[in-house]
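**Q** Structure in structure tokens, see below.
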Amino acid sequence: MALEEFQAAPRVIQTIDALRLFVTQQRQLGKRLGLVPTMGALHAGHLSLVKKSNEECDVTIVTIFVNPTQFAPHEDLDKYPRTLTQDLKLLAELHVSAVFVPSVEQIYPEDFSTFVDPPSVALPMEGQSRPDHFRGVATVVLKLFNLAQADVAYFGQKDYQQCLVIQRMVKDLGLPIAIEICPIVREPDGLAMSSRNRYLSSEERTQALAISRAIEGARQMVDAGEVDCSRLQCMMRSVMEQAGITRIEYACVAHPETLSQLDAIEDAAIALIAAHVGKTRLIDNCVLK
Ligand code: AMP
């Protein structure tokens, strides 16, 4: 490894004690800390959060942890892509200071039994499809917030409902951290970037494009004056069905703060989709107004 590369390599922190030490040192130096929680298999969407943190903070801590408590037993925990070497290379290129890569035992020691009961915005949509998902997310995110003591944490709008859950948790529990939501990064053809896209065969990849087409179609209809949400929902479903996507978990138009489903768009709305393409579950969304 060339010396410059070696110098740019982020510090890999594997234990809570080592993370605490690093954070204490940085805070003593008066550094502003940014936190980017991820499950790894990094792509340009994740990196956009890292770049934002680099712009706004002195020190960026990226966490890579495939959190078992947010997966249901039938989900893809075991086969979730793990690409640590490549992830560290990408983070080195962005001069990330520290990467926290804890083991499951570090985060969930024996007899771990304290969980966050997530706010009510966790209940619809993803909450219907994945009942314990946000309990796991909120628990791990709260733990990471406590450990990293960052000033700001960066999340992607790609996981829109997750953003609402975390913002609500931060408000309800008075957590001393600012939350920044970054826009969805898409492939040139529109597909929202996701670590799970690598599961898709080339045929499925083409099919999956119907999800972003449906979302974009809804946005265009609303721009053209459509306010009837059932027409928007029908259009989104039919775009996906025509492409051969049959397992649509939801394709709906909702209020962007409460996620309650709307009949008609008044002042604000968001379109959200979750659908299966082959064995891969994908989500996407777009603020309509
Ligand atoms: P994950 O590794 O999937 O848990 O994602 C970690 C963070 O990256 C979350 O805040 C996601 O919302 C965000 N993220 C994932 N995909 C994208 C994307 N395409 N654009 C922007 N942010 C994203």
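Chain labels follow the order of the structure tokens: the first chain is A, the next B, and so on; residue numbering restarts at 1 in every chain, and ligands are counted from 1 in their shown order.
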Got a sec to check which residues lie within 7 Å of ligand 1, using only C-alpha atoms and all ligand atoms, and send them as a list of chain:residue names?
**A**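 Listed by chain and ascending number, the contacts are A:Pro37, A:Thr38, A:Met39, A:Gly40, A:Ala41, A:Leu42, A:Gly45, A:His46, A:Ser48, A:Leu49, A:Tyr154, A:Phe155, A:Gly156, A:Gln157, A:Lys158, A:Asp159, A:Cys182, A:Pro183, A:Ile184, A:Val185, A:Arg186, A:Ala192, A:Met193, A:Ser194, A:Ser195.
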**Q** Quick one: everything within 10 Å of range 244-256 of chain A, counting only C-alpha atoms, minus sequence neighbours fewer than 5 positions away in the same chain. Send it as a PDB file with N, CA, C and O atoms, in the first residue's frame.
**A**
```pdb
ATOM      1  N   MET A 125     -47.421   1.610   6.627  1.00  0.00           N
ATOM      2  CA  MET A 125     -46.478   1.267   5.536  1.00  0.00           C
ATOM      3  C   MET A 125     -45.407   0.258   5.935  1.00  0.00           C
ATOM      4  O   MET A 125     -45.695  -0.899   6.099  1.00  0.00           O
ATOM      5  N   GLU A 126     -44.173   0.700   6.134  1.00  0.00           N
ATOM      6  CA  GLU A 126     -43.123  -0.252   6.512  1.00  0.00           C
ATOM      7  C   GLU A 126     -43.515  -0.995   7.778  1.00  0.00           C
ATOM      8  O   GLU A 126     -43.197  -2.171   7.952  1.00  0.00           O
ATOM      9  N   GLN A 128     -46.425  -1.926   8.717  1.00  0.00           N
ATOM     10  CA  GLN A 128     -47.376  -3.001   8.407  1.00  0.00           C
ATOM     11  C   GLN A 128     -46.629  -4.193   7.809  1.00  0.00           C
ATOM     12  O   GLN A 128     -46.898  -5.338   8.164  1.00  0.00           O
ATOM     13  N   SER A 129     -45.695  -3.883   6.920  1.00  0.00           N
ATOM     14  CA  SER A 129     -44.991  -4.962   6.216  1.00  0.00           C
ATOM     15  C   SER A 129     -43.916  -5.606   7.087  1.00  0.00           C
ATOM     16  O   SER A 129     -43.626  -6.778   6.946  1.00  0.00           O
ATOM     17  N   TYR A 160     -37.614   7.142   3.903  1.00  0.00           N
ATOM     18  CA  TYR A 160     -38.337   8.321   4.368  1.00  0.00           C
ATOM     19  C   TYR A 160     -38.985   8.096   5.736  1.00  0.00           C
ATOM     20  O   TYR A 160     -38.875   8.920   6.642  1.00  0.00           O
ATOM     21  N   GLN A 161     -39.649   6.952   5.887  1.00  0.00           N
ATOM     22  CA  GLN A 161     -40.346   6.695   7.157  1.00  0.00           C
ATOM     23  C   GLN A 161     -39.344   6.567   8.297  1.00  0.00           C
ATOM     24  O   GLN A 161     -39.594   7.028   9.420  1.00  0.00           O
ATOM     25  N   LEU A 164     -38.587   9.920   9.585  1.00  0.00           N
ATOM     26  CA  LEU A 164     -39.640  10.457  10.469  1.00  0.00           C
ATOM     27  C   LEU A 164     -39.556   9.820  11.852  1.00  0.00           C
ATOM     28  O   LEU A 164     -39.717  10.496  12.871  1.00  0.00           O
ATOM     29  N   GLU A 204     -34.399  -8.346 -13.765  1.00  0.00           N
ATOM     30  CA  GLU A 204     -35.067  -7.725 -12.601  1.00  0.00           C
ATOM     31  C   GLU A 204     -34.692  -6.245 -12.486  1.00  0.00           C
ATOM     32  O   GLU A 204     -35.506  -5.413 -12.093  1.00  0.00           O
ATOM     33  N   GLN A 207     -36.946  -4.464 -14.663  1.00  0.00           N
ATOM     34  CA  GLN A 207     -38.288  -4.421 -14.048  1.00  0.00           C
ATOM     35  C   GLN A 207     -38.346  -3.382 -12.938  1.00  0.00           C
ATOM     36  O   GLN A 207     -39.303  -2.624 -12.811  1.00  0.00           O
ATOM     37  N   ALA A 208     -37.288  -3.347 -12.145  1.00  0.00           N
ATOM     38  CA  ALA A 208     -37.260  -2.467 -10.960  1.00  0.00           C
ATOM     39  C   ALA A 208     -37.386  -1.000 -11.343  1.00  0.00           C
ATOM     40  O   ALA A 208     -37.868  -0.176 -10.554  1.00  0.00           O
ATOM     41  N   ALA A 210     -39.478   0.293 -13.076  1.00  0.00           N
ATOM     42  CA  ALA A 210     -40.883   0.714 -13.055  1.00  0.00           C
ATOM     43  C   ALA A 210     -41.237   1.391 -11.731  1.00  0.00           C
ATOM     44  O   ALA A 210     -42.177   2.187 -11.671  1.00  0.00           O
ATOM     45  N   ILE A 211     -40.484   1.095 -10.679  1.00  0.00           N
ATOM     46  CA  ILE A 211     -40.781   1.710  -9.375  1.00  0.00           C
ATOM     47  C   ILE A 211     -40.496   3.219  -9.440  1.00  0.00           C
ATOM     48  O   ILE A 211     -41.351   4.041  -9.091  1.00  0.00           O
ATOM     49  N   ALA A 214     -42.949   4.917 -11.723  1.00  0.00           N
ATOM     50  CA  ALA A 214     -44.264   5.136 -11.103  1.00  0.00           C
ATOM     51  C   ALA A 214     -44.227   6.361 -10.192  1.00  0.00           C
ATOM     52  O   ALA A 214     -45.142   7.202 -10.207  1.00  0.00           O
ATOM     53  N   ILE A 215     -43.171   6.474  -9.419  1.00  0.00           N
ATOM     54  CA  ILE A 215     -43.009   7.611  -8.495  1.00  0.00           C
ATOM     55  C   ILE A 215     -42.919   8.924  -9.294  1.00  0.00           C
ATOM     56  O   ILE A 215     -43.561   9.917  -8.974  1.00  0.00           O
ATOM     57  N   ALA A 218     -46.195   9.949 -10.764  1.00  0.00           N
ATOM     58  CA  ALA A 218     -47.073  10.599  -9.778  1.00  0.00           C
ATOM     59  C   ALA A 218     -46.675  12.071  -9.635  1.00  0.00           C
ATOM     60  O   ALA A 218     -47.529  12.965  -9.582  1.00  0.00           O
ATOM     61  N   ASP A 228     -56.352  13.944  -6.975  1.00  0.00           N
ATOM     62  CA  ASP A 228     -57.061  12.744  -6.527  1.00  0.00           C
ATOM     63  C   ASP A 228     -56.058  11.604  -6.269  1.00  0.00           C
ATOM     64  O   ASP A 228     -55.435  11.092  -7.198  1.00  0.00           O
ATOM     65  N   CYS A 229     -55.948  11.221  -5.002  1.00  0.00           N
ATOM     66  CA  CYS A 229     -54.906  10.248  -4.645  1.00  0.00           C
ATOM     67  C   CYS A 229     -55.216   8.850  -5.155  1.00  0.00           C
ATOM     68  O   CYS A 229     -54.305   8.078  -5.427  1.00  0.00           O
ATOM     69  N   SER A 230     -56.505   8.505  -5.289  1.00  0.00           N
ATOM     70  CA  SER A 230     -56.776   7.150  -5.778  1.00  0.00           C
ATOM     71  C   SER A 230     -56.330   7.038  -7.235  1.00  0.00           C
ATOM     72  O   SER A 230     -55.832   5.985  -7.657  1.00  0.00           O
ATOM     73  N   LEU A 232     -53.813   8.621  -8.538  1.00  0.00           N
ATOM     74  CA  LEU A 232     -52.344   8.542  -8.486  1.00  0.00           C
ATOM     75  C   LEU A 232     -51.902   7.122  -8.109  1.00  0.00           C
ATOM     76  O   LEU A 232     -50.978   6.557  -8.696  1.00  0.00           O
ATOM     77  N   GLN A 233     -52.601   6.569  -7.130  1.00  0.00           N
ATOM     78  CA  GLN A 233     -52.238   5.218  -6.672  1.00  0.00           C
ATOM     79  C   GLN A 233     -52.472   4.180  -7.768  1.00  0.00           C
ATOM     80  O   GLN A 233     -51.642   3.293  -7.982  1.00  0.00           O
ATOM     81  N   CYS A 234     -53.616   4.326  -8.479  1.00  0.00           N
ATOM     82  CA  CYS A 234     -53.917   3.390  -9.584  1.00  0.00           C
ATOM     83  C   CYS A 234     -52.831   3.475 -10.643  1.00  0.00           C
ATOM     84  O   CYS A 234     -52.369   2.438 -11.149  1.00  0.00           O
ATOM     85  N   MET A 235     -52.446   4.696 -10.963  1.00  0.00           N
ATOM     86  CA  MET A 235     -51.410   4.865 -11.998  1.00  0.00           C
ATOM     87  C   MET A 235     -50.110   4.186 -11.549  1.00  0.00           C
ATOM     88  O   MET A 235     -49.481   3.445 -12.315  1.00  0.00           O
ATOM     89  N   MET A 236     -49.716   4.402 -10.298  1.00  0.00           N
ATOM     90  CA  MET A 236     -48.444   3.829  -9.819  1.00  0.00           C
ATOM     91  C   MET A 236     -48.493   2.307  -9.892  1.00  0.00           C
ATOM     92  O   MET A 236     -47.556   1.656 -10.353  1.00  0.00           O
ATOM     93  N   ARG A 237     -49.617   1.742  -9.439  1.00  0.00           N
ATOM     94  CA  ARG A 237     -49.753   0.274  -9.482  1.00  0.00           C
ATOM     95  C   ARG A 237     -49.697  -0.232 -10.920  1.00  0.00           C
ATOM     96  O   ARG A 237     -49.020  -1.214 -11.215  1.00  0.00           O
ATOM     97  N   SER A 238     -50.427   0.469 -11.821  1.00  0.00           N
ATOM     98  CA  SER A 238     -50.487  -0.087 -13.180  1.00  0.00           C
ATOM     99  C   SER A 238     -49.130   0.032 -13.876  1.00  0.00           C
ATOM    100  O   SER A 238     -48.756  -0.869 -14.621  1.00  0.00           O
ATOM    101  N   VAL A 239     -48.357   1.078 -13.591  1.00  0.00           N
ATOM    102  CA  VAL A 239     -47.003   1.172 -14.187  1.00  0.00           C
ATOM    103  C   VAL A 239     -46.169  -0.025 -13.731  1.00  0.00           C
ATOM    104  O   VAL A 239     -45.471  -0.665 -14.531  1.00  0.00           O
ATOM    105  N   GLN A 261     -52.784   8.286   5.126  1.00  0.00           N
ATOM    106  CA  GLN A 261     -53.090   8.259   3.691  1.00  0.00           C
ATOM    107  C   GLN A 261     -54.065   9.367   3.342  1.00  0.00           C
ATOM    108  O   GLN A 261     -54.963   9.691   4.120  1.00  0.00           O
ATOM    109  N   LEU A 262     -53.891   9.942   2.166  1.00  0.00           N
ATOM    110  CA  LEU A 262     -54.717  11.069   1.745  1.00  0.00           C
ATOM    111  C   LEU A 262     -55.712  10.627   0.680  1.00  0.00           C
ATOM    112  O   LEU A 262     -55.419   9.739  -0.124  1.00  0.00           O
ATOM    113  N   ASP A 263     -56.892  11.265   0.689  1.00  0.00           N
ATOM    114  CA  ASP A 263     -57.840  11.078  -0.420  1.00  0.00           C
ATOM    115  C   ASP A 263     -57.543  12.092  -1.510  1.00  0.00           C
ATOM    116  O   ASP A 263     -57.579  11.794  -2.689  1.00  0.00           O
ATOM    117  N   ALA A 264     -57.253  13.310  -1.053  1.00  0.00           N
ATOM    118  CA  ALA A 264     -56.964  14.383  -2.017  1.00  0.00           C
ATOM    119  C   ALA A 264     -55.766  15.171  -1.514  1.00  0.00           C
ATOM    120  O   ALA A 264     -55.578  15.334  -0.308  1.00  0.00           O
ATOM    121  N   ILE A 265     -54.985  15.662  -2.456  1.00  0.00           N
ATOM    122  CA  ILE A 265     -53.804  16.431  -2.066  1.00  0.00           C
ATOM    123  C   ILE A 265     -54.217  17.877  -1.830  1.00  0.00           C
ATOM    124  O   ILE A 265     -54.821  18.507  -2.694  1.00  0.00           O
ATOM    125  N   GLU A 266     -53.888  18.359  -0.636  1.00  0.00           N
ATOM    126  CA  GLU A 266     -54.170  19.772  -0.379  1.00  0.00           C
ATOM    127  C   GLU A 266     -52.858  20.534  -0.393  1.00  0.00           C
ATOM    128  O   GLU A 266     -52.392  20.987  -1.412  1.00  0.00           O
ATOM    129  N   ASP A 267     -52.196  20.583   0.782  1.00  0.00           N
ATOM    130  CA  ASP A 267     -50.971  21.381   0.816  1.00  0.00           C
ATOM    131  C   ASP A 267     -49.693  20.561   0.655  1.00  0.00           C
ATOM    132  O   ASP A 267     -48.731  21.013   0.060  1.00  0.00           O
ATOM    133  N   ALA A 268     -49.671  19.331   1.174  1.00  0.00           N
ATOM    134  CA  ALA A 268     -48.415  18.589   1.155  1.00  0.00           C
ATOM    135  C   ALA A 268     -48.692  17.104   0.968  1.00  0.00           C
ATOM    136  O   ALA A 268     -49.677  16.575   1.503  1.00  0.00           O
ATOM    137  N   ALA A 269     -47.829  16.430   0.231  1.00  0.00           N
ATOM    138  CA  ALA A 269     -48.031  14.993   0.003  1.00  0.00           C
ATOM    139  C   ALA A 269     -46.725  14.332  -0.403  1.00  0.00           C
ATOM    140  O   ALA A 269     -45.831  14.973  -0.953  1.00  0.00           O
ATOM    141  N   ILE A 270     -46.659  13.039  -0.116  1.00  0.00           N
ATOM    142  CA  ILE A 270     -45.511  12.244  -0.543  1.00  0.00           C
ATOM    143  C   ILE A 270     -46.033  10.927  -1.127  1.00  0.00           C
ATOM    144  O   ILE A 270     -47.028  10.383  -0.626  1.00  0.00           O
ATOM    145  N   ALA A 271     -45.401  10.465  -2.190  1.00  0.00           N
ATOM    146  CA  ALA A 271     -45.737   9.152  -2.746  1.00  0.00           C
ATOM    147  C   ALA A 271     -44.698   8.163  -2.251  1.00  0.00           C
ATOM    148  O   ALA A 271     -43.491   8.458  -2.266  1.00  0.00           O
ATOM    149  N   LEU A 272     -45.159   7.003  -1.776  1.00  0.00           N
ATOM    150  CA  LEU A 272     -44.237   5.974  -1.264  1.00  0.00           C
ATOM    151  C   LEU A 272     -44.592   4.620  -1.856  1.00  0.00           C
ATOM    152  O   LEU A 272     -45.772   4.286  -1.966  1.00  0.00           O
ATOM    153  N   ILE A 273     -43.563   3.880  -2.186  1.00  0.00           N
ATOM    154  CA  ILE A 273     -43.764   2.539  -2.764  1.00  0.00           C
ATOM    155  C   ILE A 273     -42.865   1.526  -2.065  1.00  0.00           C
ATOM    156  O   ILE A 273     -41.708   1.846  -1.749  1.00  0.00           O
ATOM    157  N   ALA A 274     -43.405   0.340  -1.815  1.00  0.00           N
ATOM    158  CA  ALA A 274     -42.566  -0.822  -1.467  1.00  0.00           C
ATOM    159  C   ALA A 274     -43.055  -1.973  -2.338  1.00  0.00           C
ATOM    160  O   ALA A 274     -44.262  -2.236  -2.402  1.00  0.00           O
ATOM    161  N   ALA A 275     -42.144  -2.614  -3.040  1.00  0.00           N
ATOM    162  CA  ALA A 275     -42.539  -3.704  -3.931  1.00  0.00           C
ATOM    163  C   ALA A 275     -41.416  -4.722  -4.018  1.00  0.00           C
ATOM    164  O   ALA A 275     -40.247  -4.399  -3.793  1.00  0.00           O
ATOM    165  N   HIS A 276     -41.818  -5.946  -4.357  1.00  0.00           N
ATOM    166  CA  HIS A 276     -40.823  -7.016  -4.527  1.00  0.00           C
ATOM    167  C   HIS A 276     -40.529  -7.199  -6.008  1.00  0.00           C
ATOM    168  O   HIS A 276     -41.456  -7.313  -6.816  1.00  0.00           O
ATOM    169  N   VAL A 277     -39.274  -7.224  -6.330  1.00  0.00           N
ATOM    170  CA  VAL A 277     -38.857  -7.544  -7.695  1.00  0.00           C
ATOM    171  C   VAL A 277     -38.051  -8.831  -7.567  1.00  0.00           C
ATOM    172  O   VAL A 277     -36.975  -8.838  -6.968  1.00  0.00           O
ATOM    173  N   GLY A 278     -38.624  -9.921  -8.081  1.00  0.00           N
ATOM    174  CA  GLY A 278     -38.033 -11.224  -7.781  1.00  0.00           C
ATOM    175  C   GLY A 278     -38.074 -11.405  -6.268  1.00  0.00           C
ATOM    176  O   GLY A 278     -39.106 -11.192  -5.633  1.00  0.00           O
ATOM    177  N   LYS A 279     -36.931 -11.749  -5.693  1.00  0.00           N
ATOM    178  CA  LYS A 279     -36.903 -11.959  -4.232  1.00  0.00           C
ATOM    179  C   LYS A 279     -36.473 -10.698  -3.484  1.00  0.00           C
ATOM    180  O   LYS A 279     -36.259 -10.734  -2.271  1.00  0.00           O
ATOM    181  N   ARG A 281     -36.805  -6.925  -2.046  1.00  0.00           N
ATOM    182  CA  ARG A 281     -37.795  -5.913  -1.660  1.00  0.00           C
ATOM    183  C   ARG A 281     -37.147  -4.542  -1.827  1.00  0.00           C
ATOM    184  O   ARG A 281     -36.085  -4.273  -1.263  1.00  0.00           O
ATOM    185  N   LEU A 282     -37.825  -3.670  -2.585  1.00  0.00           N
ATOM    186  CA  LEU A 282     -37.274  -2.335  -2.837  1.00  0.00           C
ATOM    187  C   LEU A 282     -38.262  -1.268  -2.383  1.00  0.00           C
ATOM    188  O   LEU A 282     -39.482  -1.481  -2.416  1.00  0.00           O
ATOM    189  N   ILE A 283     -37.731  -0.122  -1.971  1.00  0.00           N
ATOM    190  CA  ILE A 283     -38.603   1.004  -1.607  1.00  0.00           C
ATOM    191  C   ILE A 283     -38.140   2.255  -2.347  1.00  0.00           C
ATOM    192  O   ILE A 283     -36.980   2.368  -2.752  1.00  0.00           O
ATOM    193  N   ASP A 284     -39.083   3.184  -2.498  1.00  0.00           N
ATOM    194  CA  ASP A 284     -38.758   4.462  -3.130  1.00  0.00           C
ATOM    195  C   ASP A 284     -39.824   5.468  -2.693  1.00  0.00           C
ATOM    196  O   ASP A 284     -40.888   5.085  -2.192  1.00  0.00           O
ATOM    197  N   ASN A 285     -39.532   6.723  -2.867  1.00  0.00           N
ATOM    198  CA  ASN A 285     -40.514   7.756  -2.535  1.00  0.00           C
ATOM    199  C   ASN A 285     -40.163   9.057  -3.217  1.00  0.00           C
ATOM    200  O   ASN A 285     -39.040   9.226  -3.712  1.00  0.00           O
ATOM    201  N   CYS A 286     -41.139   9.961  -3.213  1.00  0.00           N
ATOM    202  CA  CYS A 286     -40.898  11.287  -3.793  1.00  0.00           C
ATOM    203  C   CYS A 286     -41.873  12.263  -3.162  1.00  0.00           C
ATOM    204  O   CYS A 286     -43.063  11.973  -3.059  1.00  0.00           O
ATOM    205  N   VAL A 287     -41.356  13.387  -2.716  1.00  0.00           N
ATOM    206  CA  VAL A 287     -42.249  14.438  -2.198  1.00  0.00           C
ATOM    207  C   VAL A 287     -42.983  15.011  -3.404  1.00  0.00           C
ATOM    208  O   VAL A 287     -42.366  15.405  -4.393  1.00  0.00           O
ATOM    209  N   LEU A 288     -44.327  15.019  -3.337  1.00  0.00           N
ATOM    210  CA  LEU A 288     -45.115  15.478  -4.481  1.00  0.00           C
ATOM    211  C   LEU A 288     -45.405  16.958  -4.366  1.00  0.00           C
ATOM    212  O   LEU A 288     -45.582  17.663  -5.349  1.00  0.00           O
ATOM    213  N   LYS A 289     -45.526  17.423  -3.148  1.00  0.00           N
ATOM    214  CA  LYS A 289     -45.888  18.815  -2.935  1.00  0.00           C
ATOM    215  C   LYS A 289     -45.449  19.245  -1.559  1.00  0.00           C
ATOM    216  O   LYS A 289     -45.638  18.478  -0.606  1.00  0.00           O
TER     217      LYS A 289
END
```
**Q** How close does range 150-213 of chain A get to range 130-134 of chain A? List, as JSON lines, each residue of range 150-213 of chain A within 10 Å, its nearest atom pair and the distance in Å to one decimal, counting only C-alpha atoms.
**A**
```
{"residue": "A:Gln161", "atom": "CA", "partner": "A:Phe134", "partner_atom": "CA", "distance": 9.2}
{"residue": "A:Gln162", "atom": "CA", "partner": "A:Phe134", "partner_atom": "CA", "distance": 7.3}
{"residue": "A:Val165", "atom": "CA", "partner": "A:Phe134", "partner_atom": "CA", "distance": 7.6}
{"residue": "A:Ile166", "atom": "CA", "partner": "A:Phe134", "partner_atom": "CA", "distance": 9.3}
```
**Q** What gap, in Å, lies between CA of Ala9 in chain A and CA of Lys89 in chain A?
**A**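 Those two atoms sit 7.4 Å apart.
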**Q** If you run DSSP on this backbone, which residues of range 120-266 of chain A come out as helix (DSSP H, G or I), and could you give them as a PyMOL selection string?
**A** chain A and resi 120-122+126-129+133-148+157-173+195-199+202-223+229-242
**Q** Excluding same-chain residues fewer than 4 positions from Arg168 in chain A, what lies within 10 Å of it counting only C-alpha atoms, as number ranges by chain?
**A** A: 118-122, 162-164, 172-174
**Q** Those residues you just picked out, can you put them in a file as a tab-separated table (two decimals), in the first residue's frame with C-alpha atoms?
**A**
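Once everything was written out, this is selection.tsv:
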```
chain	number	residue	atom	x	y	z
A	118	PRO	CA	-40.93	3.53	18.30
A	119	PRO	CA	-43.34	6.45	17.76
A	120	SER	CA	-46.70	6.01	16.05
A	121	VAL	CA	-45.36	7.18	12.69
A	122	ALA	CA	-43.63	3.78	12.61
A	162	GLN	CA	-37.13	5.88	9.02
A	163	CYS	CA	-36.26	9.59	8.92
A	164	LEU	CA	-39.64	10.46	10.47
A	172	ASP	CA	-39.64	13.00	22.12
A	173	LEU	CA	-36.56	11.93	24.08
A	174	GLY	CA	-34.78	15.30	23.94
```
**Q** Can you tell me, as a PyMOL selection string, what residues are no more than 8 Å from range 56-60 of chain A when counting only C-alpha atoms, ignoring any on the same chain fewer than 5 positions away?
**A** chain A and resi 26+31-36+50+96-98
**Q** Report, in Å to a single decimal, how far apart CA of Gln106 in chain A and CA of Val140 in chain A are.
**A**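 Separation between CA of Val140 in chain A and CA of Gln106 in chain A: 11.4 Å.
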**Q** To test your reading of the structure, identify every residue in range 15-256 of chain A that backbone DSSP assigns to strand (DSSP E or B), and report it as a PyMOL selection string.
**A** chain A and resi 33-38+59-64+98-100+152-156+178-182+186+192+228+247-254
**Q** Report, in Å with one decimal, the straight-line distance from CA of Pro124 in chain A to CA of Glu75 in chain A.
**A** 19.0 Å
**Q** Please provide as a ChimeraX atom specification all residues within 9 Å of range 141-143 of chain A, with the sequence filter that same-chain residues fewer than 6 positions apart are discarded (counting only C-alpha atoms).
**A** /A:37,107,116,166,169-170,175
**Q** Closest to Phe112 in chain A among A:Gln14, A:Asn146, A:Lys171, A:Thr69, using only C-alpha atoms?
**A**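 Result for the nearest residue to Phe112 in chain A: A:Thr69.
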